[in-house]
Amino acid sequence: MQGLIREEDLGSFNLPLYKPHKEEVKAIIEDEKSWSLERIEVFEDNWDVMDGDNFATDKWKIATVVANTLRAITEPMLVSHFRGTIVEDLFGKYARHVADYLCLKKIENTSVVVSLRKN
């Protein structure tokens, strides 16, 4: 993104993404004491929807899905901070990086899902 954004805009941008482990989530809920933990589950998904079939031709499709998922979450913050000047280029470049990475390794996503009861 060199030359497309100002250095001060880049330096002042913070994207707070964090993926805790199951035990960390459980400990936070128990320490907070406002909720009782009814159930906690961890799900792992393979983002390769073809799961290896026709991998060479479908890596771009999978990479686009991954990039668009991140874009759906982050685009409002990016547009607000950078005035929308980089979004298309940024996610196009990100999709290319994901496609290259898919040649090396499967992308797995881990989700921690909790069921809580108010104390």
# chains A, B, ... in the order shown; residues from 1 in each chain; ligands from 1
call {"tool": "select_by_dssp", "arguments": {"residues": "chain A", "states": "strand (DSSP E)", "output": "list in words"}}
result
Trp35, Ser36, Leu37, Glu38, Arg39, Ile40, Glu41, Val42, Phe43, Glu44, Asp45, Asn46, Glu108, Asn109, Thr110, Ser111, Val112, Val113, Val114, Ser115, Leu116, Arg117 and Lys118 of chain A
call {"tool": "write_last_selection", "arguments": {"atoms": "C-alpha atoms", "output": "short mmCIF file (atom, residue, chain, number, x, y, z; two decimals), in the first residue's frame"}}
result
data_model
loop_
_atom_site.label_atom_id
_atom_site.label_comp_id
_atom_site.auth_asym_id
_atom_site.auth_seq_id
_atom_site.Cartn_x
_atom_site.Cartn_y
_atom_site.Cartn_z
CA TRP A 35 -22.53 -15.02 34.45
CA SER A 36 -22.57 -18.77 34.95
CA LEU A 37 -20.97 -20.79 32.23
CA GLU A 38 -23.51 -23.34 31.00
CA ARG A 39 -21.47 -24.74 28.12
CA ILE A 40 -18.34 -23.96 26.15
CA GLU A 41 -17.45 -25.53 22.80
CA VAL A 42 -14.57 -25.10 20.38
CA PHE A 43 -15.18 -25.55 16.65
CA GLU A 44 -12.49 -25.73 14.02
CA ASP A 45 -13.38 -25.11 10.39
CA ASN A 46 -11.28 -25.68 7.34
CA GLU A 108 -8.27 -23.28 9.73
CA ASN A 109 -10.49 -21.04 11.78
CA THR A 110 -11.19 -21.73 15.44
CA SER A 111 -14.35 -20.43 17.13
CA VAL A 112 -15.13 -20.55 20.83
CA VAL A 113 -18.89 -20.61 21.46
CA VAL A 114 -20.32 -20.11 24.93
CA SER A 115 -23.72 -20.50 26.55
CA LEU A 116 -24.14 -18.28 29.62
CA ARG A 117 -26.75 -17.75 32.32
CA LYS A 118 -27.03 -14.39 34.12
#
call {"tool": "residues_around", "arguments": {"residues": "Asp9 of chain A", "least_positions_apart": "6", "cutoff": "12 Å", "atoms": "only C-alpha atoms", "output": "number ranges by chain"}}
result
A: 3, 78-83, 85-86
call {"tool": "closest_residue", "arguments": {"among": "A:Lys22, A:Arg71, A:Asp89, A:Glu32", "to": "Leu4 of chain A", "atoms": "only C-alpha atoms"}}
result
A:Asp89
call {"tool": "atom_distance", "arguments": {"atom1": "atom CA of Val66 of chain A", "atom2": "atom CA of Phe91 of chain A"}}
result
9.8 Å
call {"tool": "atom_distance", "arguments": {"atom1": "atom CA of Lys61 of chain A", "atom2": "atom CA of Val87 of chain A"}}
result
18.9 Å
call {"tool": "closest_residue", "arguments": {"among": "A:Ala63, A:Ile107, A:Ile73, A:Leu102", "to": "Pro16 of chain A", "atoms": "only C-alpha atoms"}}
result
A:Ile73
call {"tool": "atom_distance", "arguments": {"atom1": "atom CA of Tyr101 of chain A", "atom2": "atom CA of Lys59 of chain A"}}
result
9.4 Å
call {"tool": "select_by_dssp", "arguments": {"residues": "segment 9-76 of chain A", "states": "helix (DSSP H, G or I)", "output": "PDB file with N, CA, C and O atoms, in the first residue's frame"}}
result
ATOM      1  N   ASP A   9      -1.443   8.372   9.047  1.00  0.00           N
ATOM      2  CA  ASP A   9      -2.679   7.591   9.099  1.00  0.00           C
ATOM      3  C   ASP A   9      -2.378   6.131   9.443  1.00  0.00           C
ATOM      4  O   ASP A   9      -3.086   5.502  10.229  1.00  0.00           O
ATOM      5  N   LEU A  10      -1.327   5.593   8.848  1.00  0.00           N
ATOM      6  CA  LEU A  10      -0.937   4.214   9.131  1.00  0.00           C
ATOM      7  C   LEU A  10      -0.507   4.061  10.584  1.00  0.00           C
ATOM      8  O   LEU A  10      -0.916   3.126  11.275  1.00  0.00           O
ATOM      9  N   GLY A  11       0.282   5.000  11.069  1.00  0.00           N
ATOM     10  CA  GLY A  11       0.782   4.934  12.437  1.00  0.00           C
ATOM     11  C   GLY A  11      -0.294   5.065  13.492  1.00  0.00           C
ATOM     12  O   GLY A  11      -0.144   4.569  14.608  1.00  0.00           O
ATOM     13  N   LYS A  22      -9.898 -21.395  24.685  1.00  0.00           N
ATOM     14  CA  LYS A  22     -11.070 -21.827  25.459  1.00  0.00           C
ATOM     15  C   LYS A  22     -10.866 -21.599  26.956  1.00  0.00           C
ATOM     16  O   LYS A  22     -11.744 -21.055  27.636  1.00  0.00           O
ATOM     17  N   GLU A  23      -9.731 -22.005  27.484  1.00  0.00           N
ATOM     18  CA  GLU A  23      -9.480 -21.875  28.926  1.00  0.00           C
ATOM     19  C   GLU A  23      -9.419 -20.414  29.361  1.00  0.00           C
ATOM     20  O   GLU A  23      -9.822 -20.071  30.466  1.00  0.00           O
ATOM     21  N   GLU A  24      -8.919 -19.556  28.491  1.00  0.00           N
ATOM     22  CA  GLU A  24      -8.866 -18.134  28.805  1.00  0.00           C
ATOM     23  C   GLU A  24     -10.269 -17.543  28.880  1.00  0.00           C
ATOM     24  O   GLU A  24     -10.584 -16.773  29.790  1.00  0.00           O
ATOM     25  N   VAL A  25     -11.127 -17.909  27.935  1.00  0.00           N
ATOM     26  CA  VAL A  25     -12.518 -17.440  27.949  1.00  0.00           C
ATOM     27  C   VAL A  25     -13.210 -17.915  29.223  1.00  0.00           C
ATOM     28  O   VAL A  25     -13.887 -17.149  29.913  1.00  0.00           O
ATOM     29  N   LYS A  26     -13.033 -19.183  29.533  1.00  0.00           N
ATOM     30  CA  LYS A  26     -13.639 -19.771  30.730  1.00  0.00           C
ATOM     31  C   LYS A  26     -13.182 -19.031  31.992  1.00  0.00           C
ATOM     32  O   LYS A  26     -13.996 -18.692  32.863  1.00  0.00           O
ATOM     33  N   ALA A  27     -11.897 -18.757  32.114  1.00  0.00           N
ATOM     34  CA  ALA A  27     -11.360 -18.068  33.290  1.00  0.00           C
ATOM     35  C   ALA A  27     -11.914 -16.650  33.415  1.00  0.00           C
ATOM     36  O   ALA A  27     -12.259 -16.207  34.524  1.00  0.00           O
ATOM     37  N   ILE A  28     -12.041 -15.945  32.320  1.00  0.00           N
ATOM     38  CA  ILE A  28     -12.571 -14.575  32.347  1.00  0.00           C
ATOM     39  C   ILE A  28     -14.018 -14.583  32.817  1.00  0.00           C
ATOM     40  O   ILE A  28     -14.416 -13.764  33.642  1.00  0.00           O
ATOM     41  N   ILE A  29     -14.817 -15.506  32.295  1.00  0.00           N
ATOM     42  CA  ILE A  29     -16.225 -15.603  32.686  1.00  0.00           C
ATOM     43  C   ILE A  29     -16.337 -15.934  34.172  1.00  0.00           C
ATOM     44  O   ILE A  29     -17.125 -15.318  34.904  1.00  0.00           O
ATOM     45  N   GLU A  30     -15.553 -16.879  34.639  1.00  0.00           N
ATOM     46  CA  GLU A  30     -15.603 -17.276  36.053  1.00  0.00           C
ATOM     47  C   GLU A  30     -15.119 -16.152  36.973  1.00  0.00           C
ATOM     48  O   GLU A  30     -15.700 -15.919  38.038  1.00  0.00           O
ATOM     49  N   ASP A  31     -14.081 -15.421  36.574  1.00  0.00           N
ATOM     50  CA  ASP A  31     -13.559 -14.319  37.393  1.00  0.00           C
ATOM     51  C   ASP A  31     -14.533 -13.152  37.462  1.00  0.00           C
ATOM     52  O   ASP A  31     -14.604 -12.451  38.465  1.00  0.00           O
ATOM     53  N   GLU A  32     -15.282 -12.913  36.382  1.00  0.00           N
ATOM     54  CA  GLU A  32     -16.189 -11.778  36.312  1.00  0.00           C
ATOM     55  C   GLU A  32     -17.404 -11.959  37.222  1.00  0.00           C
ATOM     56  O   GLU A  32     -17.932 -11.008  37.764  1.00  0.00           O
ATOM     57  N   PHE A  55      -7.712 -28.260  -5.969  1.00  0.00           N
ATOM     58  CA  PHE A  55      -7.113 -27.212  -5.153  1.00  0.00           C
ATOM     59  C   PHE A  55      -6.484 -26.094  -5.990  1.00  0.00           C
ATOM     60  O   PHE A  55      -6.692 -24.929  -5.717  1.00  0.00           O
ATOM     61  N   ALA A  56      -5.750 -26.447  -7.017  1.00  0.00           N
ATOM     62  CA  ALA A  56      -5.038 -25.431  -7.802  1.00  0.00           C
ATOM     63  C   ALA A  56      -5.985 -24.452  -8.465  1.00  0.00           C
ATOM     64  O   ALA A  56      -5.682 -23.277  -8.587  1.00  0.00           O
ATOM     65  N   THR A  57      -7.152 -24.901  -8.901  1.00  0.00           N
ATOM     66  CA  THR A  57      -8.076 -23.993  -9.583  1.00  0.00           C
ATOM     67  C   THR A  57      -8.989 -23.264  -8.615  1.00  0.00           C
ATOM     68  O   THR A  57      -9.526 -22.226  -8.941  1.00  0.00           O
ATOM     69  N   ASP A  58      -9.161 -23.784  -7.413  1.00  0.00           N
ATOM     70  CA  ASP A  58     -10.096 -23.178  -6.471  1.00  0.00           C
ATOM     71  C   ASP A  58      -9.426 -22.317  -5.409  1.00  0.00           C
ATOM     72  O   ASP A  58     -10.112 -21.733  -4.585  1.00  0.00           O
ATOM     73  N   LYS A  59      -8.107 -22.229  -5.401  1.00  0.00           N
ATOM     74  CA  LYS A  59      -7.450 -21.429  -4.374  1.00  0.00           C
ATOM     75  C   LYS A  59      -7.870 -19.963  -4.457  1.00  0.00           C
ATOM     76  O   LYS A  59      -8.004 -19.310  -3.432  1.00  0.00           O
ATOM     77  N   TRP A  60      -8.129 -19.456  -5.642  1.00  0.00           N
ATOM     78  CA  TRP A  60      -8.550 -18.058  -5.788  1.00  0.00           C
ATOM     79  C   TRP A  60      -9.956 -17.857  -5.231  1.00  0.00           C
ATOM     80  O   TRP A  60     -10.235 -16.848  -4.598  1.00  0.00           O
ATOM     81  N   LYS A  61     -10.819 -18.841  -5.444  1.00  0.00           N
ATOM     82  CA  LYS A  61     -12.182 -18.756  -4.905  1.00  0.00           C
ATOM     83  C   LYS A  61     -12.134 -18.747  -3.379  1.00  0.00           C
ATOM     84  O   LYS A  61     -12.791 -17.936  -2.725  1.00  0.00           O
ATOM     85  N   ILE A  62     -11.351 -19.643  -2.811  1.00  0.00           N
ATOM     86  CA  ILE A  62     -11.229 -19.738  -1.358  1.00  0.00           C
ATOM     87  C   ILE A  62     -10.588 -18.468  -0.795  1.00  0.00           C
ATOM     88  O   ILE A  62     -11.054 -17.911   0.202  1.00  0.00           O
ATOM     89  N   ALA A  63      -9.540 -17.996  -1.437  1.00  0.00           N
ATOM     90  CA  ALA A  63      -8.852 -16.781  -0.985  1.00  0.00           C
ATOM     91  C   ALA A  63      -9.795 -15.582  -1.022  1.00  0.00           C
ATOM     92  O   ALA A  63      -9.768 -14.737  -0.119  1.00  0.00           O
ATOM     93  N   THR A  64     -10.646 -15.507  -2.015  1.00  0.00           N
ATOM     94  CA  THR A  64     -11.613 -14.413  -2.113  1.00  0.00           C
ATOM     95  C   THR A  64     -12.627 -14.486  -0.981  1.00  0.00           C
ATOM     96  O   THR A  64     -12.994 -13.465  -0.398  1.00  0.00           O
ATOM     97  N   VAL A  65     -13.080 -15.695  -0.647  1.00  0.00           N
ATOM     98  CA  VAL A  65     -14.016 -15.865   0.475  1.00  0.00           C
ATOM     99  C   VAL A  65     -13.360 -15.403   1.777  1.00  0.00           C
ATOM    100  O   VAL A  65     -13.968 -14.675   2.565  1.00  0.00           O
ATOM    101  N   VAL A  66     -12.115 -15.819   2.007  1.00  0.00           N
ATOM    102  CA  VAL A  66     -11.400 -15.425   3.217  1.00  0.00           C
ATOM    103  C   VAL A  66     -11.232 -13.898   3.259  1.00  0.00           C
ATOM    104  O   VAL A  66     -11.512 -13.253   4.276  1.00  0.00           O
ATOM    105  N   ALA A  67     -10.807 -13.304   2.159  1.00  0.00           N
ATOM    106  CA  ALA A  67     -10.605 -11.848   2.104  1.00  0.00           C
ATOM    107  C   ALA A  67     -11.919 -11.102   2.302  1.00  0.00           C
ATOM    108  O   ALA A  67     -11.971 -10.103   3.023  1.00  0.00           O
ATOM    109  N   ASN A  68     -12.989 -11.587   1.688  1.00  0.00           N
ATOM    110  CA  ASN A  68     -14.287 -10.919   1.831  1.00  0.00           C
ATOM    111  C   ASN A  68     -14.846 -11.043   3.247  1.00  0.00           C
ATOM    112  O   ASN A  68     -15.545 -10.145   3.719  1.00  0.00           O
ATOM    113  N   THR A  69     -14.540 -12.144   3.923  1.00  0.00           N
ATOM    114  CA  THR A  69     -14.975 -12.300   5.310  1.00  0.00           C
ATOM    115  C   THR A  69     -14.290 -11.264   6.194  1.00  0.00           C
ATOM    116  O   THR A  69     -14.947 -10.576   6.987  1.00  0.00           O
ATOM    117  N   LEU A  70     -12.994 -11.118   6.041  1.00  0.00           N
ATOM    118  CA  LEU A  70     -12.274 -10.095   6.806  1.00  0.00           C
ATOM    119  C   LEU A  70     -12.729  -8.693   6.406  1.00  0.00           C
ATOM    120  O   LEU A  70     -12.884  -7.814   7.255  1.00  0.00           O
ATOM    121  N   ARG A  71     -12.997  -8.505   5.142  1.00  0.00           N
ATOM    122  CA  ARG A  71     -13.453  -7.199   4.663  1.00  0.00           C
ATOM    123  C   ARG A  71     -14.791  -6.816   5.291  1.00  0.00           C
ATOM    124  O   ARG A  71     -14.997  -5.666   5.676  1.00  0.00           O
ATOM    125  N   ALA A  72     -15.706  -7.784   5.421  1.00  0.00           N
ATOM    126  CA  ALA A  72     -17.020  -7.505   6.011  1.00  0.00           C
ATOM    127  C   ALA A  72     -16.883  -6.993   7.441  1.00  0.00           C
ATOM    128  O   ALA A  72     -17.659  -6.150   7.887  1.00  0.00           O
ATOM    129  N   ILE A  73     -15.878  -7.478   8.144  1.00  0.00           N
ATOM    130  CA  ILE A  73     -15.667  -7.082   9.533  1.00  0.00           C
ATOM    131  C   ILE A  73     -14.935  -5.748   9.635  1.00  0.00           C
ATOM    132  O   ILE A  73     -15.257  -4.906  10.472  1.00  0.00           O
ATOM    133  N   THR A  74     -13.957  -5.532   8.785  1.00  0.00           N
ATOM    134  CA  THR A  74     -13.044  -4.397   8.967  1.00  0.00           C
ATOM    135  C   THR A  74     -13.300  -3.194   8.063  1.00  0.00           C
ATOM    136  O   THR A  74     -12.798  -2.111   8.344  1.00  0.00           O
ATOM    137  N   GLU A  75     -14.059  -3.374   6.983  1.00  0.00           N
ATOM    138  CA  GLU A  75     -14.202  -2.277   6.016  1.00  0.00           C
ATOM    139  C   GLU A  75     -14.709  -0.972   6.615  1.00  0.00           C
ATOM    140  O   GLU A  75     -14.149   0.093   6.309  1.00  0.00           O
ATOM    141  N   PRO A  76     -15.731  -0.973   7.484  1.00  0.00           N
ATOM    142  CA  PRO A  76     -16.170   0.322   8.028  1.00  0.00           C
ATOM    143  C   PRO A  76     -15.060   1.072   8.766  1.00  0.00           C
ATOM    144  O   PRO A  76     -14.940   2.293   8.630  1.00  0.00           O
TER     145      PRO A  76
END
call {"tool": "decode", "arguments": {"residues": "segment 60-82 of chain A", "atoms": "N, CA, C and O atoms", "output": "compact mmCIF listing (two decimals), in the first residue's frame"}}
result
# COMPACT_ATOMS: atom_id res chain seq x y z
N TRP A 60 -8.13 -19.46 -5.64
CA TRP A 60 -8.55 -18.06 -5.79
C TRP A 60 -9.96 -17.86 -5.23
O TRP A 60 -10.23 -16.85 -4.60
N LYS A 61 -10.82 -18.84 -5.44
CA LYS A 61 -12.18 -18.76 -4.90
C LYS A 61 -12.13 -18.75 -3.38
O LYS A 61 -12.79 -17.94 -2.73
N ILE A 62 -11.35 -19.64 -2.81
CA ILE A 62 -11.23 -19.74 -1.36
C ILE A 62 -10.59 -18.47 -0.80
O ILE A 62 -11.05 -17.91 0.20
N ALA A 63 -9.54 -18.00 -1.44
CA ALA A 63 -8.85 -16.78 -0.99
C ALA A 63 -9.79 -15.58 -1.02
O ALA A 63 -9.77 -14.74 -0.12
N THR A 64 -10.65 -15.51 -2.01
CA THR A 64 -11.61 -14.41 -2.11
C THR A 64 -12.63 -14.49 -0.98
O THR A 64 -12.99 -13.47 -0.40
N VAL A 65 -13.08 -15.70 -0.65
CA VAL A 65 -14.02 -15.86 0.47
C VAL A 65 -13.36 -15.40 1.78
O VAL A 65 -13.97 -14.67 2.57
N VAL A 66 -12.12 -15.82 2.01
CA VAL A 66 -11.40 -15.42 3.22
C VAL A 66 -11.23 -13.90 3.26
O VAL A 66 -11.51 -13.25 4.28
N ALA A 67 -10.81 -13.30 2.16
CA ALA A 67 -10.61 -11.85 2.10
C ALA A 67 -11.92 -11.10 2.30
O ALA A 67 -11.97 -10.10 3.02
N ASN A 68 -12.99 -11.59 1.69
CA ASN A 68 -14.29 -10.92 1.83
C ASN A 68 -14.85 -11.04 3.25
O ASN A 68 -15.54 -10.14 3.72
N THR A 69 -14.54 -12.14 3.92
CA THR A 69 -14.97 -12.30 5.31
C THR A 69 -14.29 -11.26 6.19
O THR A 69 -14.95 -10.58 6.99
N LEU A 70 -12.99 -11.12 6.04
CA LEU A 70 -12.27 -10.10 6.81
C LEU A 70 -12.73 -8.69 6.41
O LEU A 70 -12.88 -7.81 7.26
N ARG A 71 -13.00 -8.50 5.14
CA ARG A 71 -13.45 -7.20 4.66
C ARG A 71 -14.79 -6.82 5.29
O ARG A 71 -15.00 -5.67 5.68
N ALA A 72 -15.71 -7.78 5.42
CA ALA A 72 -17.02 -7.50 6.01
C ALA A 72 -16.88 -6.99 7.44
O ALA A 72 -17.66 -6.15 7.89
N ILE A 73 -15.88 -7.48 8.14
CA ILE A 73 -15.67 -7.08 9.53
C ILE A 73 -14.93 -5.75 9.63
O ILE A 73 -15.26 -4.91 10.47
N THR A 74 -13.96 -5.53 8.78
CA THR A 74 -13.04 -4.40 8.97
C THR A 74 -13.30 -3.19 8.06
O THR A 74 -12.80 -2.11 8.34
N GLU A 75 -14.06 -3.37 6.98
CA GLU A 75 -14.20 -2.28 6.02
C GLU A 75 -14.71 -0.97 6.61
O GLU A 75 -14.15 0.09 6.31
N PRO A 76 -15.73 -0.97 7.48
CA PRO A 76 -16.17 0.32 8.03
C PRO A 76 -15.06 1.07 8.77
O PRO A 76 -14.94 2.29 8.63
N MET A 77 -14.23 0.34 9.53
CA MET A 77 -13.12 1.00 10.23
C MET A 77 -12.08 1.52 9.26
O MET A 77 -11.54 2.62 9.44
N LEU A 78 -11.77 0.73 8.23
CA LEU A 78 -10.77 1.15 7.25
C LEU A 78 -11.24 2.37 6.46
O LEU A 78 -10.46 3.31 6.26
N VAL A 79 -12.48 2.36 6.02
CA VAL A 79 -13.02 3.48 5.24
C VAL A 79 -13.03 4.74 6.09
O VAL A 79 -12.65 5.82 5.63
N SER A 80 -13.44 4.61 7.35
CA SER A 80 -13.49 5.76 8.24
C SER A 80 -12.10 6.34 8.48
O SER A 80 -11.91 7.55 8.44
N HIS A 81 -11.13 5.48 8.69
CA HIS A 81 -9.80 5.95 9.03
C HIS A 81 -9.00 6.42 7.81
O HIS A 81 -8.31 7.44 7.88
N PHE A 82 -9.09 5.66 6.72
CA PHE A 82 -8.29 5.98 5.54
C PHE A 82 -9.10 6.63 4.43
O PHE A 82 -8.65 6.76 3.30
